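The next block is my_file-v7.pdb, given as PDB, N, CA and C atoms.
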ATOM      1  N   VAL A   1     -14.924   2.568 -16.360
ATOM      2  CA  VAL A   1     -13.496   2.366 -16.411
ATOM      3  C   VAL A   1     -13.213   0.931 -16.019
ATOM      4  N   ARG A   2     -12.375   0.297 -16.780
ATOM      5  CA  ARG A   2     -12.027  -1.101 -16.535
ATOM      6  C   ARG A   2     -10.530  -1.300 -16.596
ATOM      7  N   LEU A   3     -10.021  -2.120 -15.709
ATOM      8  CA  LEU A   3      -8.602  -2.435 -15.736
ATOM      9  C   LEU A   3      -8.300  -3.409 -16.862
ATOM     10  N   THR A   4      -7.218  -3.149 -17.569
ATOM     11  CA  THR A   4      -6.745  -4.078 -18.590
ATOM     12  C   THR A   4      -5.788  -5.065 -17.934
ATOM     13  N   GLY A   5      -5.383  -6.042 -18.682
ATOM     14  CA  GLY A   5      -4.384  -6.986 -18.178
ATOM     15  C   GLY A   5      -3.108  -6.275 -17.777
ATOM     16  N   ARG A   6      -2.713  -5.295 -18.564
ATOM     17  CA  ARG A   6      -1.506  -4.527 -18.255
ATOM     18  C   ARG A   6      -1.688  -3.719 -16.963
ATOM     19  N   GLY A   7      -2.866  -3.133 -16.798
ATOM     20  CA  GLY A   7      -3.139  -2.379 -15.585
ATOM     21  C   GLY A   7      -3.080  -3.260 -14.349
ATOM     22  N   ILE A   8      -3.646  -4.447 -14.430
ATOM     23  CA  ILE A   8      -3.602  -5.389 -13.307
ATOM     24  C   ILE A   8      -2.162  -5.795 -13.024
ATOM     25  N   ASP A   9      -1.374  -6.026 -14.077
ATOM     26  CA  ASP A   9       0.032  -6.372 -13.921
ATOM     27  C   ASP A   9       0.780  -5.268 -13.174
ATOM     28  N   VAL A  10       0.526  -4.021 -13.541
ATOM     29  CA  VAL A  10       1.178  -2.892 -12.875
ATOM     30  C   VAL A  10       0.783  -2.835 -11.401
ATOM     31  N   LEU A  11      -0.492  -3.051 -11.093
ATOM     32  CA  LEU A  11      -0.938  -3.042  -9.701
ATOM     33  C   LEU A  11      -0.283  -4.164  -8.899
ATOM     34  N   VAL A  12      -0.181  -5.344  -9.490
ATOM     35  CA  VAL A  12       0.444  -6.477  -8.801
ATOM     36  C   VAL A  12       1.921  -6.185  -8.541
ATOM     37  N   ARG A  13       2.603  -5.643  -9.543
ATOM     38  CA  ARG A  13       4.032  -5.325  -9.377
ATOM     39  C   ARG A  13       4.233  -4.236  -8.332
ATOM     40  N   SER A  14       3.372  -3.215  -8.355
ATOM     41  CA  SER A  14       3.522  -2.131  -7.391
ATOM     42  C   SER A  14       3.238  -2.626  -5.970
ATOM     43  N   ALA A  15       2.291  -3.541  -5.815
ATOM     44  CA  ALA A  15       2.013  -4.118  -4.502
ATOM     45  C   ALA A  15       3.227  -4.900  -3.996
ATOM     46  N   ALA A  16       3.891  -5.626  -4.880
ATOM     47  CA  ALA A  16       5.090  -6.383  -4.488
ATOM     48  C   ALA A  16       6.212  -5.433  -4.074
ATOM     49  N   ILE A  17       6.366  -4.335  -4.803
ATOM     50  CA  ILE A  17       7.388  -3.344  -4.446
ATOM     51  C   ILE A  17       7.075  -2.755  -3.079
ATOM     52  N   PHE A  18       5.808  -2.399  -2.849
ATOM     53  CA  PHE A  18       5.442  -1.842  -1.552
ATOM     54  C   PHE A  18       5.686  -2.845  -0.435
ATOM     55  N   ASP A  19       5.379  -4.118  -0.665
ATOM     56  CA  ASP A  19       5.623  -5.144   0.360
ATOM     57  C   ASP A  19       7.107  -5.216   0.721
ATOM     58  N   ARG A  20       7.981  -5.108  -0.288
ATOM     59  CA  ARG A  20       9.423  -5.125  -0.015
ATOM     60  C   ARG A  20       9.842  -3.885   0.781
ATOM     61  N   LEU A  21       9.308  -2.725   0.403
ATOM     62  CA  LEU A  21       9.614  -1.493   1.139
ATOM     63  C   LEU A  21       9.134  -1.585   2.583
ATOM     64  N   HIS A  22       7.925  -2.091   2.759
ATOM     65  CA  HIS A  22       7.352  -2.212   4.102
ATOM     66  C   HIS A  22       8.204  -3.133   4.966
ATOM     67  N   ALA A  23       8.669  -4.231   4.397
ATOM     68  CA  ALA A  23       9.524  -5.161   5.136
ATOM     69  C   ALA A  23      10.848  -4.493   5.520
ATOM     70  N   GLU A  24      11.393  -3.683   4.621
ATOM     71  CA  GLU A  24      12.634  -2.961   4.914
ATOM     72  C   GLU A  24      12.417  -1.954   6.050
ATOM     73  N   TRP A  25      11.296  -1.227   6.000
ATOM     74  CA  TRP A  25      10.987  -0.280   7.079
ATOM     75  C   TRP A  25      10.848  -1.006   8.407
ATOM     76  N   ALA A  26      10.207  -2.165   8.393
ATOM     77  CA  ALA A  26      10.026  -2.941   9.622
ATOM     78  C   ALA A  26      11.375  -3.389  10.178
ATOM     79  N   ARG A  27      12.295  -3.785   9.302
ATOM     80  CA  ARG A  27      13.631  -4.183   9.763
ATOM     81  C   ARG A  27      14.371  -2.994  10.375
ATOM     82  N   LYS A  28      14.252  -1.832   9.725
ATOM     83  CA  LYS A  28      14.988  -0.660  10.198
ATOM     84  C   LYS A  28      14.377  -0.055  11.458
ATOM     85  N   LEU A  29      13.069   0.022  11.521
ATOM     86  CA  LEU A  29      12.393   0.688  12.633
ATOM     87  C   LEU A  29      11.940  -0.262  13.732
ATOM     88  N   GLY A  30      11.730  -1.510  13.370
ATOM     89  CA  GLY A  30      11.114  -2.467  14.282
ATOM     90  C   GLY A  30       9.602  -2.418  14.091
ATOM     91  N   ALA A  31       8.951  -3.547  14.323
ATOM     92  CA  ALA A  31       7.513  -3.652  14.068
ATOM     93  C   ALA A  31       6.704  -2.666  14.913
ATOM     94  N   GLY A  32       7.082  -2.502  16.180
ATOM     95  CA  GLY A  32       6.334  -1.604  17.063
ATOM     96  C   GLY A  32       6.408  -0.156  16.609
ATOM     97  N   ARG A  33       7.604   0.291  16.293
ATOM     98  CA  ARG A  33       7.779   1.682  15.871
ATOM     99  C   ARG A  33       7.104   1.934  14.527
ATOM    100  N   LEU A  34       7.208   0.968  13.609
ATOM    101  CA  LEU A  34       6.534   1.106  12.326
ATOM    102  C   LEU A  34       5.024   1.178  12.535
ATOM    103  N   GLY A  35       4.504   0.381  13.438
ATOM    104  CA  GLY A  35       3.080   0.435  13.757
ATOM    105  C   GLY A  35       2.661   1.805  14.269
ATOM    106  N   GLU A  36       3.527   2.426  15.058
ATOM    107  CA  GLU A  36       3.242   3.779  15.549
ATOM    108  C   GLU A  36       3.197   4.787  14.404
ATOM    109  N   VAL A  37       4.142   4.674  13.484
ATOM    110  CA  VAL A  37       4.169   5.572  12.315
ATOM    111  C   VAL A  37       2.900   5.389  11.492
ATOM    112  N   GLU A  38       2.548   4.144  11.235
ATOM    113  CA  GLU A  38       1.342   3.874  10.446
ATOM    114  C   GLU A  38       0.092   4.385  11.153
ATOM    115  N   GLY A  39       0.034   4.206  12.464
ATOM    116  CA  GLY A  39      -1.105   4.701  13.229
ATOM    117  C   GLY A  39      -1.216   6.222  13.142
ATOM    118  N   ALA A  40      -0.078   6.901  13.252
ATOM    119  CA  ALA A  40      -0.083   8.356  13.159
ATOM    120  C   ALA A  40      -0.535   8.813  11.771
ATOM    121  N   LEU A  41      -0.103   8.112  10.749
ATOM    122  CA  LEU A  41      -0.524   8.466   9.386
ATOM    123  C   LEU A  41      -2.027   8.239   9.194
ATOM    124  N   ARG A  42      -2.562   7.168   9.796
ATOM    125  CA  ARG A  42      -4.008   6.918   9.704
ATOM    126  C   ARG A  42      -4.805   8.039  10.370
ATOM    127  N   GLU A  43      -4.282   8.569  11.465
ATOM    128  CA  GLU A  43      -4.950   9.679  12.146
ATOM    129  C   GLU A  43      -4.952  10.933  11.285
ATOM    130  N   ALA A  44      -3.923  11.114  10.475
ATOM    131  CA  ALA A  44      -3.786  12.324   9.663
ATOM    132  C   ALA A  44      -4.671  12.302   8.416
ATOM    133  N   VAL A  45      -5.117  11.123   7.998
ATOM    134  CA  VAL A  45      -5.928  10.991   6.784
ATOM    135  C   VAL A  45      -7.398  10.914   7.173
ATOM    136  N   PRO A  46      -8.251  11.677   6.516
ATOM    137  CA  PRO A  46      -9.685  11.622   6.840
ATOM    138  C   PRO A  46     -10.227  10.193   6.710
ATOM    139  N   GLY A  47     -11.156   9.815   7.584
ATOM    140  CA  GLY A  47     -11.714   8.468   7.586
ATOM    141  C   GLY A  47     -12.468   8.100   6.328
ATOM    142  N   ASP A  48     -12.987   9.086   5.610
ATOM    143  CA  ASP A  48     -13.747   8.782   4.398
ATOM    144  C   ASP A  48     -12.886   8.847   3.138
ATOM    145  N   PHE A  49     -11.577   8.968   3.305
ATOM    146  CA  PHE A  49     -10.651   9.005   2.182
ATOM    147  C   PHE A  49     -10.597   7.617   1.547
ATOM    148  N   PHE A  50     -10.478   7.537   0.221
ATOM    149  CA  PHE A  50     -10.458   6.217  -0.417
ATOM    150  C   PHE A  50      -9.142   5.506  -0.144
ATOM    151  N   ARG A  51      -9.213   4.179  -0.114
ATOM    152  CA  ARG A  51      -8.028   3.361   0.144
ATOM    153  C   ARG A  51      -7.354   2.977  -1.154
ATOM    154  N   LEU A  52      -6.049   3.089  -1.182
ATOM    155  CA  LEU A  52      -5.282   2.695  -2.356
ATOM    156  C   LEU A  52      -4.974   1.206  -2.374
ATOM    157  N   ASP A  53      -5.161   0.541  -1.252
ATOM    158  CA  ASP A  53      -4.856  -0.881  -1.179
ATOM    159  C   ASP A  53      -6.133  -1.742  -1.175
ATOM    160  N   ALA A  54      -7.209  -1.183  -1.687
ATOM    161  CA  ALA A  54      -8.489  -1.881  -1.645
ATOM    162  C   ALA A  54      -8.441  -3.183  -2.438
ATOM    163  N   ALA A  55      -8.778  -4.269  -1.762
ATOM    164  CA  ALA A  55      -8.768  -5.574  -2.434
ATOM    165  C   ALA A  55      -9.744  -5.625  -3.580
ATOM    166  N   SER A  56     -10.787  -4.817  -3.544
ATOM    167  CA  SER A  56     -11.783  -4.851  -4.610
ATOM    168  C   SER A  56     -11.215  -4.417  -5.960
ATOM    169  N   TRP A  57     -10.050  -3.789  -5.961
ATOM    170  CA  TRP A  57      -9.433  -3.415  -7.234
ATOM    171  C   TRP A  57      -9.224  -4.635  -8.107
ATOM    172  N   PHE A  58      -8.922  -5.764  -7.489
ATOM    173  CA  PHE A  58      -8.599  -6.963  -8.248
ATOM    174  C   PHE A  58      -9.813  -7.834  -8.527
ATOM    175  N   SER A  59     -10.859  -7.676  -7.753
ATOM    176  CA  SER A  59     -12.025  -8.536  -7.947
ATOM    177  C   SER A  59     -13.209  -7.792  -8.552
ATOM    178  N   GLY A  60     -13.044  -6.522  -8.830
ATOM    179  CA  GLY A  60     -14.114  -5.745  -9.468
ATOM    180  C   GLY A  60     -14.984  -5.195  -8.473
TER     181      GLY A  60
END
Can you turn what I pasted into structure tokens?
Amino acid sequence: VRLTGRGIDVLVRSAAIFDRLHAEWARKLGAGRLGEVEGALREAVPGDFFRLDAASWFSG
């Protein structure tokens, strides 16, 4: 399976959308509280679960 140019474009756009959402959450909750939420979510996900934000998606 290989990413096409369109697939890479979609990943880049979705990453930008997530960055905007994350910044909004940080403004609403504060950095400390958001960190607590993220930490709790990391505890709930198995350690061997694949990452959706893996940098290797873009470099192969």
* What is the distance between CA of Glu38 (chain A) and CA of Ala15 (chain A), in Å to one decimal? -> 17.0 Å
* Please indicate the distance in Å from CA of Arg20 (chain A) to CA of Arg6 (chain A), rounded to one decimal place. => 21.3 Å
* To do: Enumerate, as JSON, numbers by chain, the complete set of residues in region 8-51 of chain A that a backbone-based DSSP assignment places in helix (DSSP H, G or I).
  => {"A": [8, 9, 10, 11, 12, 13, 14, 15, 16, 17, 18, 19, 20, 21, 22, 23, 24, 25, 26, 27, 28, 29, 31, 32, 33, 34, 35, 36, 37, 38, 39, 40, 41, 42, 43, 44]}
* Mind giving me the straight-line distance from atom C of Pro46 (chain A) to atom C of Leu21 (chain A) in Å, one decimal? =>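 Taking atom C of Pro46 (chain A) as the start and atom C of Leu21 (chain A) as the end point, the length is 23.0 Å.
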Expected axis-aligned box over every listed atom of region 19-31 of chain A, 3 Å added per side, centre plus edges in Å to one decimal, as lines of an AutoDock Vina configuration file:
center_x = 10.2
center_y = -2.3
center_z = 7.1
size_x = 15.6
size_y = 11.9
size_z = 21.6
